[in-house]
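Here's the structure, in structure tokens; my notes come after.
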Amino acid sequence: MLNRLKATLIDFIQQADLVLLGLCCTATLYGIVLVFSATRYLAPDVGMKRMITQTAALGLGICVYIFFSMLDLEAITRKWKWILAFNAGFILLLRTPFGVSGDTGNRAWLKFPGIPFQIGPAEVVKITFVLLLAKQLEWLWEEKQDLKSFPSALFVAGHTLGLCGLYFLISGDMGNALVFVFIFLCMAYVAGFALRWFLLFFAGGGAAISLAWVMDWIYPYMKKRFIVLFDHSFEPLGTGWQQTRSLLALGSGGLFGQGYLQGVQTQSGSDSLPAKQTDLIFAVTGEELGLIGCTLIMLLLIAIIFRVLLVARRAKTPFYRYVCVGMASILIFQTVINIGMCLFIMPTIGITLPFFSYGGSSIVTLYMSMGVVSGIKKRSPEMRRVARSPLR
């Protein structure tokens, strides 16, 4: 048993993507330091407890990274019907007694007895959704289907909109529902879908949103989150409070910040800077570590995304490449939206900053997705040889 474990670890060290793991660990450790500062105001020991929780999540995440590096994705996706059933079933659990609502009222979390943390189904389903979508795209390519045809576009878009709609109807969580749409757009574009279908998608989506807006089918609080983007004076003590305080924190930090554990808003009550350890962790960085600290966050995330896309470019099969692009799209969407929220140029939709925001389930699932990428790199030993595929 010990010899087998030793051989597995040696195999992992020799073939897995240790560069990607190192980047992820560096980002998470940086995030742990920020989470401690953002939560110590609650009580002397709260910041330490949150830091320990996040560190434990990092340790579990590394184990998950190693495990998922070993998995044979192609064998797993042959059971695509089971994966599809899992996605729907896991989301539907939100409507059972295990489902709980967050501060925003969205029923987007599961709380199981005996487990000390909540689980966000969307975090897990994003990964399995990427695998299923990659399987669909690979099947279309293998069957020599015209990827520019309407049936092909409808085949993939129907899966996406079905899952996205189910999740939104069950949870009310628009932020994570949009992640599924962005994943689809990125993977479909890379696979070679015709530009006209993207234009039709955006036109149809814009028309649907406009109709919903006019007919008052959109929740009032959602409307307000978009209105405030164009009028920062709109409800500054209500809808715009969180982002207004975020801008104030970022602006007050300057180039080098007010100093670690010295941020005026960060070290004040939660009303001063709401959701500081989750949605607004970037604002905490700006206030205490300044532009330098924020730039380091962006460089780390860009490096992780670039590494994932590098593995995608050198993957030996189209399926593996589609999977990597899907995982990268998750990071891109969450990074752009979260930082945009803090800069008051994106609506507040509850999207956390990958590897930096507080949340054990988020950290573990991020390492799960990066472990999948590592496994793809492991199965593409001839990294200089780019497999032929219909990808751009």
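Every chain in the structure tokens takes a letter, A first, then B, and so on in the order presented; its residues are numbered from 1, and the ligands are numbered from 1 following the presented order.
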**Study point:** Close residues, A:Tyr221 itself excluded, 10 Å, only C-alpha atoms, min 4 positions apart in chain, as a list of chain:residue names
**Key:** A:Thr104, A:Arg225, A:Phe226, A:Ile227, A:Thr239
Grab the residues selected above and save them as an mmCIF file, in the first residue's frame with N, CA and C atoms.
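Wrote it out as part.cif, contents follow:
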data_model
loop_
_atom_site.group_PDB
_atom_site.id
_atom_site.type_symbol
_atom_site.label_atom_id
_atom_site.label_comp_id
_atom_site.auth_asym_id
_atom_site.auth_seq_id
_atom_site.Cartn_x
_atom_site.Cartn_y
_atom_site.Cartn_z
ATOM 1 N N THR A 104 -28.262 37.534 0.277
ATOM 2 C CA THR A 104 -29.019 38.175 -0.801
ATOM 3 C C THR A 104 -30.390 37.548 -0.995
ATOM 4 N N ARG A 225 -29.532 47.197 -9.566
ATOM 5 C CA ARG A 225 -28.091 46.950 -9.662
ATOM 6 C C ARG A 225 -27.524 47.388 -11.008
ATOM 7 N N PHE A 226 -28.366 47.391 -12.042
ATOM 8 C CA PHE A 226 -27.919 47.879 -13.344
ATOM 9 C C PHE A 226 -28.080 49.393 -13.445
ATOM 10 N N ILE A 227 -29.151 49.927 -12.887
ATOM 11 C CA ILE A 227 -29.379 51.374 -12.926
ATOM 12 C C ILE A 227 -28.242 52.117 -12.242
ATOM 13 N N THR A 239 -28.731 50.438 -2.779
ATOM 14 C CA THR A 239 -28.176 49.589 -3.826
ATOM 15 C C THR A 239 -26.723 49.911 -4.134
#
Practice item. Once DSSP has gone over the backbone, tell me which residues of stretch 119-283 of chain A are in helix (DSSP H, G or I), as JSON, numbers by chain. Key: {"A": [121, 122, 123, 124, 125, 126, 127, 128, 129, 130, 131, 132, 133, 134, 135, 136, 137, 138, 139, 140, 141, 142, 150, 151, 152, 153, 154, 155, 156, 157, 158, 159, 160, 161, 162, 163, 164, 165, 166, 167, 168, 169, 170, 171, 174, 175, 176, 177, 178, 179, 180, 181, 182, 183, 184, 185, 186, 187, 188, 189, 190, 191, 195, 196, 197, 198, 199, 200, 201, 202, 203, 204, 205, 206, 207, 208, 209, 210, 211, 212, 213, 214, 220, 221, 222, 223, 224, 225, 226, 227, 228, 229, 230, 241, 242, 243, 244, 245, 246, 247, 248, 249, 250, 251, 252, 253, 281, 282, 283]}
Check your understanding: Could you name the residues that touch stretch 124-130 of chain A at 7 Å or less, counting only C-alpha atoms, but leaving out those on the same chain fewer than 2 positions away, as a VMD selection string?
Key -> chain A and resid 83 87 121 to 122 132 to 134 180 323 326 365 369
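For stretch 338-346 of chain A, the non-local neighbours within 8 Å, defined as residues at least 5 positions apart in the same chain or in other chains and counting only C-alpha atoms, are Leu229, Gln243, Thr244, Ser246, Leu247, Asp279, Leu280, Phe282, Ala283, Ile351, Thr352 and Leu353 of chain A.
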Practice item. For stretch 94-99 of chain A, please output as a PyMOL selection string all residues within 8 Å (counting only C-alpha atoms; exclusion window: fewer than 4 positions along the same chain). Key: chain A and resi 90+107-112+170-171
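Pairwise distance (atom CA of A:Phe202, atom CA of A:Glu123) equals 25.2 Å.
The neighbours of A:Phe150 here are the residues that come within 8 Å of it, using only C-alpha atoms and leaving out any residue fewer than 3 positions away in the same chain; they are A:Ala153, A:Leu154, A:Trp197.
If you measure from each of A:Leu185, A:Asn106, A:Leu5, A:Gly359 to A:Asp173 using only C-alpha atoms, the closest one turns out to be A:Asn106.
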Could the residues of stretch 27-143 of chain A that have an atom at most 9 Å from stretch 293-313 of chain A be listed as a Markdown table, each with its closest atom pair and the distance in Å to one decimal, counting only C-alpha atoms and ordered by chain and ascending residue number?
| residue | atom | partner | partner_atom | distance |
| --- | --- | --- | --- | --- |
| A:Ala27 | CA | A:Leu300 | CA | 6.4 |
| A:Tyr30 | CA | A:Ile297 | CA | 8.3 |
| A:Gly31 | CA | A:Ile297 | CA | 8.9 |
Keeping only N, CA and C atoms, take the residues you just selected and write them out as a PDB file, in the first residue's frame.
ATOM      1  N   ALA A  27      -1.388  32.143  -4.983  1.00  0.00           N
ATOM      2  CA  ALA A  27      -2.567  33.000  -4.962  1.00  0.00           C
ATOM      3  C   ALA A  27      -3.415  32.734  -3.716  1.00  0.00           C
ATOM      4  N   TYR A  30      -1.777  34.136  -0.554  1.00  0.00           N
ATOM      5  CA  TYR A  30      -1.968  35.589  -0.563  1.00  0.00           C
ATOM      6  C   TYR A  30      -3.393  35.913  -0.110  1.00  0.00           C
ATOM      7  N   GLY A  31      -4.356  35.145  -0.621  1.00  0.00           N
ATOM      8  CA  GLY A  31      -5.742  35.349  -0.233  1.00  0.00           C
ATOM      9  C   GLY A  31      -5.978  35.094   1.246  1.00  0.00           C
TER      10      GLY A  31
END
Could you name the residues that touch A:Thr28 at 9 Å or less, counting only C-alpha atoms, but leaving out those on the same chain fewer than 4 positions away, as a PDB file with C-alpha atoms, in the first residue's frame?
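This went into out-v3.pdb:
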ATOM      1  CA  LEU A  23       0.727  29.549  -8.965  1.00  0.00           C
ATOM      2  CA  CYS A  24      -2.564  28.433  -7.418  1.00  0.00           C
ATOM      3  CA  ILE A  32      -5.472  33.785   3.224  1.00  0.00           C
ATOM      4  CA  VAL A  33      -3.412  36.755   4.403  1.00  0.00           C
ATOM      5  CA  GLN A  54      -9.053  28.708   4.476  1.00  0.00           C
ATOM      6  CA  THR A  55      -5.715  26.989   5.103  1.00  0.00           C
ATOM      7  CA  LEU A  58      -5.989  24.791   0.710  1.00  0.00           C
ATOM      8  CA  PRO A 354     -10.903  33.036  -7.615  1.00  0.00           C
ATOM      9  CA  PHE A 355      -8.362  31.777  -5.033  1.00  0.00           C
ATOM     10  CA  PHE A 356      -8.580  34.999  -3.008  1.00  0.00           C
ATOM     11  CA  SER A 357     -12.120  35.304  -1.634  1.00  0.00           C
ATOM     12  CA  ILE A 363     -11.233  26.883  -2.998  1.00  0.00           C
TER      13      ILE A 363
END
